[in-house]
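Q: Dropping in start13.pdb, which is PDB, C-alpha atoms and all ligand atoms:
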```
ATOM      1  CA  MET X1012      21.170  27.718  -3.576
ATOM      2  CA  PHE X1013      22.157  25.305  -6.361
ATOM      3  CA  LEU X1014      23.467  22.797  -3.821
ATOM      4  CA  SER X1015      20.261  22.889  -1.833
ATOM      5  CA  VAL X1016      18.237  22.247  -4.984
ATOM      6  CA  VAL X1017      20.459  19.259  -5.803
ATOM      7  CA  ALA X1018      20.054  17.971  -2.257
ATOM      8  CA  LEU X1019      16.301  18.291  -2.538
ATOM      9  CA  VAL X1020      16.257  16.464  -5.850
ATOM     10  CA  LEU X1021      18.415  13.620  -4.585
ATOM     11  CA  SER X1022      16.893  13.008  -1.209
ATOM     12  CA  MET X1023      14.272  10.333  -0.608
ATOM     13  CA  GLY X1024      12.146   9.838   2.444
ATOM     14  CA  TYR X1025       8.828  11.162   1.222
ATOM     15  CA  ILE X1026       5.486   9.593   2.060
ATOM     16  CA  HIS X1027       2.927   8.959  -0.688
ATOM     17  CA  VAL X1028      -0.742   8.101  -0.185
ATOM     18  CA  TYR X1029      -2.861   6.732  -3.049
ATOM     19  CA  THR X1030      -6.476   6.725  -1.998
ATOM     20  CA  GLY X1031     -10.005   7.309  -3.342
ATOM     21  CA  ASN X1032     -12.775   5.164  -4.782
ATOM     22  CA  GLY X1033     -11.509   4.896  -8.373
ATOM     23  CA  LYS X1034      -9.425   2.110  -9.853
ATOM     24  CA  GLY X1035      -5.655   2.491  -9.970
ATOM     25  CA  LYS X1036      -4.245   2.740  -6.445
ATOM     26  CA  THR X1037      -2.532  -0.622  -6.138
ATOM     27  CA  THR X1038      -1.430  -0.620  -9.761
ATOM     28  CA  ALA X1039       0.066   2.867  -9.333
ATOM     29  CA  ALA X1040       2.084   1.643  -6.364
ATOM     30  CA  PHE X1041       3.289  -1.421  -8.281
ATOM     31  CA  GLY X1042       4.119   0.819 -11.239
ATOM     32  CA  LEU X1043       6.332   2.896  -8.960
ATOM     33  CA  ALA X1044       7.915  -0.298  -7.622
ATOM     34  CA  MET X1045       8.681  -1.377 -11.185
ATOM     35  CA  ARG X1046      10.255   1.988 -11.984
ATOM     36  CA  ALA X1047      12.369   1.933  -8.816
ATOM     37  CA  ALA X1048      13.510  -1.654  -9.425
ATOM     38  CA  GLY X1049      14.543  -0.616 -12.934
ATOM     39  CA  ARG X1050      16.922   1.858 -11.344
ATOM     40  CA  GLY X1051      18.428  -0.812  -9.121
ATOM     41  CA  LYS X1052      16.586   0.383  -6.041
ATOM     42  CA  ARG X1053      15.643  -2.010  -3.292
ATOM     43  CA  VAL X1054      11.882  -2.353  -2.964
ATOM     44  CA  CYS X1055       9.689  -4.162  -0.442
ATOM     45  CA  ILE X1056       5.920  -4.516  -0.836
ATOM     46  CA  ILE X1057       3.694  -5.568   2.048
ATOM     47  CA  GLN X1058       0.054  -6.282   1.292
ATOM     48  CA  PHE X1059      -2.660  -6.039   3.922
ATOM     49  CA  MET X1060      -5.897  -8.048   3.585
ATOM     50  CA  LYS X1061      -4.710  -9.868   0.455
ATOM     51  CA  PRO X1062      -3.610 -13.487   0.130
ATOM     52  CA  ASP X1063      -0.375 -14.563  -1.541
ATOM     53  CA  GLU X1064      -2.160 -16.285  -4.392
ATOM     54  CA  GLY X1065      -0.284 -15.557  -7.545
ATOM     55  CA  TYR X1066      -2.071 -12.314  -8.456
ATOM     56  CA  GLY X1067      -0.485 -10.931 -11.612
ATOM     57  CA  GLU X1068       1.192  -8.088  -9.763
ATOM     58  CA  GLN X1069       2.665 -10.468  -7.178
ATOM     59  CA  VAL X1070       4.157 -12.726  -9.845
ATOM     60  CA  SER X1071       5.571  -9.771 -11.790
ATOM     61  CA  ALA X1072       7.025  -8.077  -8.721
ATOM     62  CA  ARG X1073       8.954 -11.209  -7.818
ATOM     63  CA  LYS X1074      10.197 -11.552 -11.383
ATOM     64  CA  LEU X1075      11.718  -8.095 -10.960
ATOM     65  CA  GLY X1076      13.434  -9.069  -7.713
ATOM     66  CA  ILE X1077      10.993  -7.069  -5.597
ATOM     67  CA  GLU X1078      10.443  -8.508  -2.120
ATOM     68  CA  LEU X1079       6.746  -9.083  -1.460
ATOM     69  CA  HIS X1080       4.807 -10.322   1.574
ATOM     70  CA  ALA X1081       1.012 -10.697   1.517
ATOM     71  CA  PHE X1082      -0.814 -11.099   4.810
ATOM     72  CA  GLY X1083      -4.494 -11.583   4.005
ATOM     73  CA  THR X1084      -6.676 -14.639   3.534
ATOM     74  CA  ASN X1085      -8.902 -15.295   0.522
ATOM     75  CA  GLN X1086     -12.030 -14.603   2.588
ATOM     76  CA  PHE X1087     -13.667 -11.180   2.744
ATOM     77  CA  VAL X1088     -13.106  -9.364   6.011
ATOM     78  CA  ASN X1089     -16.332  -8.417   7.776
ATOM     79  CA  LYS X1090     -15.901  -4.775   8.726
ATOM     80  CA  ARG X1091     -18.353  -4.907  11.612
ATOM     81  CA  ASN X1092     -17.117  -8.199  12.958
ATOM     82  CA  PRO X1093     -13.597  -9.048  11.755
ATOM     83  CA  LYS X1094     -12.199 -12.458  12.672
ATOM     84  CA  LYS X1095      -9.370 -12.740  15.170
ATOM     85  CA  GLU X1096      -7.226 -14.069  12.353
ATOM     86  CA  ASP X1097      -7.893 -10.968  10.226
ATOM     87  CA  ILE X1098      -6.740  -8.710  13.055
ATOM     88  CA  GLU X1099      -3.673 -10.847  13.736
ATOM     89  CA  ARG X1100      -2.642 -10.889  10.096
ATOM     90  CA  ALA X1101      -3.041  -7.131   9.736
ATOM     91  CA  LYS X1102      -1.034  -6.558  12.922
ATOM     92  CA  ASN X1103       1.713  -8.843  11.616
ATOM     93  CA  ALA X1104       1.722  -6.940   8.331
ATOM     94  CA  LEU X1105       2.121  -3.671  10.218
ATOM     95  CA  ARG X1106       4.853  -5.116  12.420
ATOM     96  CA  MET X1107       6.788  -6.269   9.375
ATOM     97  CA  GLY X1108       6.155  -2.947   7.614
ATOM     98  CA  LYS X1109       7.601  -1.106  10.590
ATOM     99  CA  GLU X1110      10.653  -3.389  10.646
ATOM    100  CA  LYS X1111      11.266  -2.984   6.932
ATOM    101  CA  VAL X1112      10.854   0.788   7.053
ATOM    102  CA  GLU X1113      13.000   1.280  10.141
ATOM    103  CA  SER X1114      15.730  -1.105   8.906
ATOM    104  CA  GLY X1115      16.851   1.594   6.472
ATOM    105  CA  GLU X1116      17.683  -1.173   4.003
ATOM    106  CA  TYR X1117      15.046  -0.256   1.430
ATOM    107  CA  ASP X1118      14.742   2.613  -0.998
ATOM    108  CA  VAL X1119      10.999   2.073  -1.381
ATOM    109  CA  VAL X1120       8.527   0.375   0.967
ATOM    110  CA  ILE X1121       4.928  -0.065  -0.179
ATOM    111  CA  LEU X1122       2.139  -0.810   2.298
ATOM    112  CA  ASP X1123      -0.684  -1.866  -0.009
ATOM    113  CA  GLU X1124      -4.240  -1.497   1.389
ATOM    114  CA  ILE X1125      -2.973  -0.238   4.761
ATOM    115  CA  ASN X1126      -5.615   2.519   4.631
ATOM    116  CA  VAL X1127      -8.367  -0.106   4.406
ATOM    117  CA  ALA X1128      -6.896  -2.112   7.301
ATOM    118  CA  LEU X1129      -6.985   1.094   9.339
ATOM    119  CA  ASP X1130     -10.520   1.930   8.235
ATOM    120  CA  PHE X1131     -11.614  -1.575   9.320
ATOM    121  CA  ASN X1132      -9.903  -0.984  12.696
ATOM    122  CA  LEU X1133      -7.690  -4.042  12.248
ATOM    123  CA  ILE X1134      -4.706  -1.869  13.220
ATOM    124  CA  SER X1135      -4.462   1.278  15.314
ATOM    125  CA  LEU X1136      -4.070   4.825  14.037
ATOM    126  CA  SER X1137      -1.352   5.600  16.576
ATOM    127  CA  ASP X1138       0.762   2.645  15.371
ATOM    128  CA  VAL X1139       0.410   3.798  11.770
ATOM    129  CA  LEU X1140       1.294   7.405  12.614
ATOM    130  CA  SER X1141       4.316   6.262  14.593
ATOM    131  CA  LEU X1142       5.518   4.232  11.595
ATOM    132  CA  MET X1143       5.128   7.365   9.445
ATOM    133  CA  ASP X1144       7.174   9.349  11.978
ATOM    134  CA  ASN X1145      10.096   6.935  11.745
ATOM    135  CA  VAL X1146      10.801   6.748   8.033
ATOM    136  CA  PRO X1147      14.552   6.963   7.432
ATOM    137  CA  GLU X1148      15.821   9.615   5.033
ATOM    138  CA  ARG X1149      16.716   7.131   2.327
ATOM    139  CA  THR X1150      13.338   5.357   2.267
ATOM    140  CA  GLU X1151      10.293   6.377   0.252
ATOM    141  CA  LEU X1152       7.057   5.081   1.776
ATOM    142  CA  VAL X1153       3.882   4.430  -0.236
ATOM    143  CA  MET X1154       0.531   3.730   1.451
ATOM    144  CA  THR X1155      -2.479   2.678  -0.610
ATOM    145  CA  GLY X1156      -6.170   2.028  -0.108
ATOM    146  CA  ARG X1157      -9.540   3.716   0.035
ATOM    147  CA  TYR X1158     -10.702   5.800   2.972
ATOM    148  CA  ALA X1159      -7.287   7.181   4.007
ATOM    149  CA  ARG X1160      -7.630   8.787   7.429
ATOM    150  CA  GLU X1161      -7.307  12.569   7.677
ATOM    151  CA  GLU X1162      -4.358  12.235  10.070
ATOM    152  CA  VAL X1163      -2.538  10.033   7.544
ATOM    153  CA  ILE X1164      -3.236  12.493   4.735
ATOM    154  CA  GLU X1165      -1.924  15.339   6.870
ATOM    155  CA  LYS X1166       1.353  13.582   7.606
ATOM    156  CA  ALA X1167       2.009  12.496   3.994
ATOM    157  CA  ASN X1168       4.014  14.546   1.482
ATOM    158  CA  LEU X1169       2.118  13.401  -1.612
ATOM    159  CA  VAL X1170      -1.531  12.423  -1.739
ATOM    160  CA  THR X1171      -3.340  11.305  -4.887
ATOM    161  CA  GLU X1172      -7.026  10.597  -4.876
ATOM    162  CA  MET X1173      -8.268   8.260  -7.582
ATOM    163  CA  ARG X1174     -11.846   9.355  -8.108
ATOM    164  CA  GLU X1175     -14.305   7.060  -9.840
ATOM    165  CA  VAL X1176     -15.692   8.855 -12.846
ATOM    166  CA  LYS X1177     -16.880   5.587 -14.403
ATOM    167  CA  HIS X1178     -16.213   1.948 -13.595
ATOM    168  CA  TYR X1179     -17.297  -0.966 -15.789
ATOM    169  CA  PHE X1180     -18.344  -2.791 -12.604
ATOM    170  CA  GLN X1181     -21.542  -0.715 -12.962
ATOM    171  CA  GLU X1182     -22.033  -2.437 -16.345
ATOM    172  CA  GLY X1183     -21.706  -5.822 -14.660
ATOM    173  CA  VAL X1184     -18.057  -6.462 -15.589
ATOM    174  CA  ILE X1185     -16.496  -8.544 -12.828
ATOM    175  CA  ALA X1186     -12.807  -8.705 -11.854
ATOM    176  CA  ARG X1187     -10.673 -10.086 -14.698
ATOM    177  CA  GLU X1188      -7.376 -11.935 -14.482
ATOM    178  CA  GLY X1189      -4.489  -9.731 -15.556
ATOM    179  CA  ILE X1190      -6.561  -6.538 -15.322
ATOM    180  CA  GLU X1191      -7.948  -6.525 -11.775
ATOM    181  CA  TYR X1192      -5.756  -9.233 -10.198
TER     182      TYR X1192
HETATM  183  P1  LIG P   1      -6.145  -1.694  -8.905
HETATM  184  O1  LIG P   1      -5.686  -2.868  -8.058
HETATM  185  O2  LIG P   1      -6.763  -2.165 -10.183
HETATM  186  O3  LIG P   1      -5.106  -0.647  -9.060
HETATM  187  P2  LIG P   1      -7.351  -0.268  -6.718
HETATM  188  O4  LIG P   1      -6.190  -0.677  -5.913
HETATM  189  O5  LIG P   1      -7.519   1.190  -6.988
HETATM  190  O6  LIG P   1      -7.348  -1.031  -8.132
HETATM  191  P3  LIG P   1      -9.153  -1.221  -4.657
HETATM  192  O7  LIG P   1      -9.855  -0.084  -4.019
HETATM  193  O8  LIG P   1      -8.001  -1.826  -3.939
HETATM  194  O9  LIG P   1      -8.711  -0.824  -6.143
HETATM  195  O10 LIG P   1     -10.262  -2.274  -4.998
HETATM  196  C1  LIG P   1     -10.042  -3.660  -5.118
HETATM  197  C2  LIG P   1     -10.650  -4.190  -6.364
HETATM  198  O11 LIG P   1     -11.838  -3.494  -6.739
HETATM  199  C3  LIG P   1      -9.737  -4.096  -7.584
HETATM  200  O12 LIG P   1      -9.918  -5.267  -8.346
HETATM  201  C4  LIG P   1     -10.237  -2.927  -8.345
HETATM  202  O13 LIG P   1     -10.005  -3.016  -9.735
HETATM  203  C5  LIG P   1     -11.711  -2.930  -8.053
HETATM  204  N1  LIG P   1     -12.240  -1.554  -8.043
HETATM  205  C6  LIG P   1     -11.539  -0.420  -7.891
HETATM  206  N2  LIG P   1     -12.356   0.679  -7.939
HETATM  207  C7  LIG P   1     -13.601   0.195  -8.135
HETATM  208  C8  LIG P   1     -14.901   0.799  -8.286
HETATM  209  N3  LIG P   1     -15.029   2.114  -8.241
HETATM  210  N4  LIG P   1     -15.965  -0.037  -8.444
HETATM  211  C9  LIG P   1     -15.821  -1.374  -8.473
HETATM  212  N5  LIG P   1     -14.629  -2.005  -8.348
HETATM  213  C10 LIG P   1     -13.535  -1.248  -8.182
HETATM  214 MG    MG P   2      -5.948  -1.707  -4.164
END
```
Is it possible to give me this structure as structure tokens?
A:
Amino acid sequence: MFLSVVALVLSMGYIHVYTGNGKGKTTAAFGLAMRAAGRGKRVCIIQFMKPDEGYGEQVSARKLGIELHAFGTNQFVNKRNPKKEDIERAKNALRMGKEKVESGEYDVVILDEINVALDFNLISLSDVLSLMDNVPERTELVMTGRYAREEVIEKANLVTEMREVKHYFQEGVIAREGIEY
């Protein structure tokens, strides 16, 4: 009994989903990355639909020795009519995510905004579910973004929904350096 509890406590390999319309999904994932890196764990972050443009969290992650790859452009993706390049970049992000997860070399892999890429149909649900089915025991997988699909939620072990109670955007406050990016 005691041994099985210890085994449960020590094992990794759980899947987290941070979704919902409130602020805090990406920053929660980066907070977890920071905590894991502090414990000497190997972390890889892959960002869908975001450019590698020196966002605060990208700079800080690299300072902590966290591997980070960002696959978006700095143009908004049109949900109804995404560009070929948007689809290609999201597919490449997923391909790399799958490689990193299946390599078994990481303690934590974060797929930031993957839920949005799926909602925009830039990547396929079956590819995402197959990635979730092949997470090695030692790897913790974190998937962020609004509009997480029901099938993704079902397969995950931990799901947190950030719900907007208030957001200062409604007061006209736009994205601020160091707070939103
Ligand atoms: P953060 O990156 O601050 O943790 P998030 O990942 O939860 O936020 P996203 O859904 O990825 O937020 O939204 C992208 C951007 O929109 C972020 O700059 C975020 O701060 C902002 N945002 C988040 N929620 C809201 C909201 N309810 N209304 C307006 N803007 C929002
Ligand atoms: Mg986000």
Q: Please provide the set of residues having any atom within 12 Å of Tyr1066 of chain X, restricted to all atoms listed in the file, with same-chain residues fewer than 3 positions apart removed, written as a ChimeraX atom specification.
A: /X:1037-1038,1058,1061-1063,1069-1073,1079,1081,1085,1186-1192
Q: As a quick test: using all atoms listed in the file, which residues lie no more than 9 Å away from ligand MG 2 (chain P)? Give them as a list in words.
A: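 Taking all atoms listed in the file into account, the residues around ligand MG 2 (chain P) at most 9 Å away are Thr1030, Lys1034, Gly1035, Lys1036, Thr1037, Thr1038, Ala1040, Asp1123, Glu1124, Thr1155, Gly1156 and Arg1157 of chain X.
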Q: Quote the spacing between atom CA of Pro1147 of chain X and atom CA of Gly1108 of chain X in Å to one decimal place.
A: 13.0 Å
Q: Just the number, please: distance in Å from atom CA of Glu1182 of chain X to atom CA of Lys1090 of chain X, one decimal.
A: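 Between atom CA of Glu1182 of chain X and atom CA of Lys1090 of chain X the gap is 25.9 Å.
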Q: Taking the file as I've supplied it (selection: the PyMOL selection byres (((chain X and resi 1056) around 6) and not hetatm)), which residues are included? Please answer as number ranges by chain.
A: X: 1055, 1057, 1079, 1120-1121
Q: For a test of reading the model, state the distance in Å between atom CA of Ser1141 of chain X and atom CA of Gly1024 of chain X, rounded to one decimal.
A: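 Between these atoms lies a distance of 14.9 Å.
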Q: So, with only C-alpha atoms as the atoms that count, which of X:Glu1172, X:Glu1113, X:Glu1096, X:Glu1161 lies closest to Asp1144 of chain X?
A: X:Glu1113
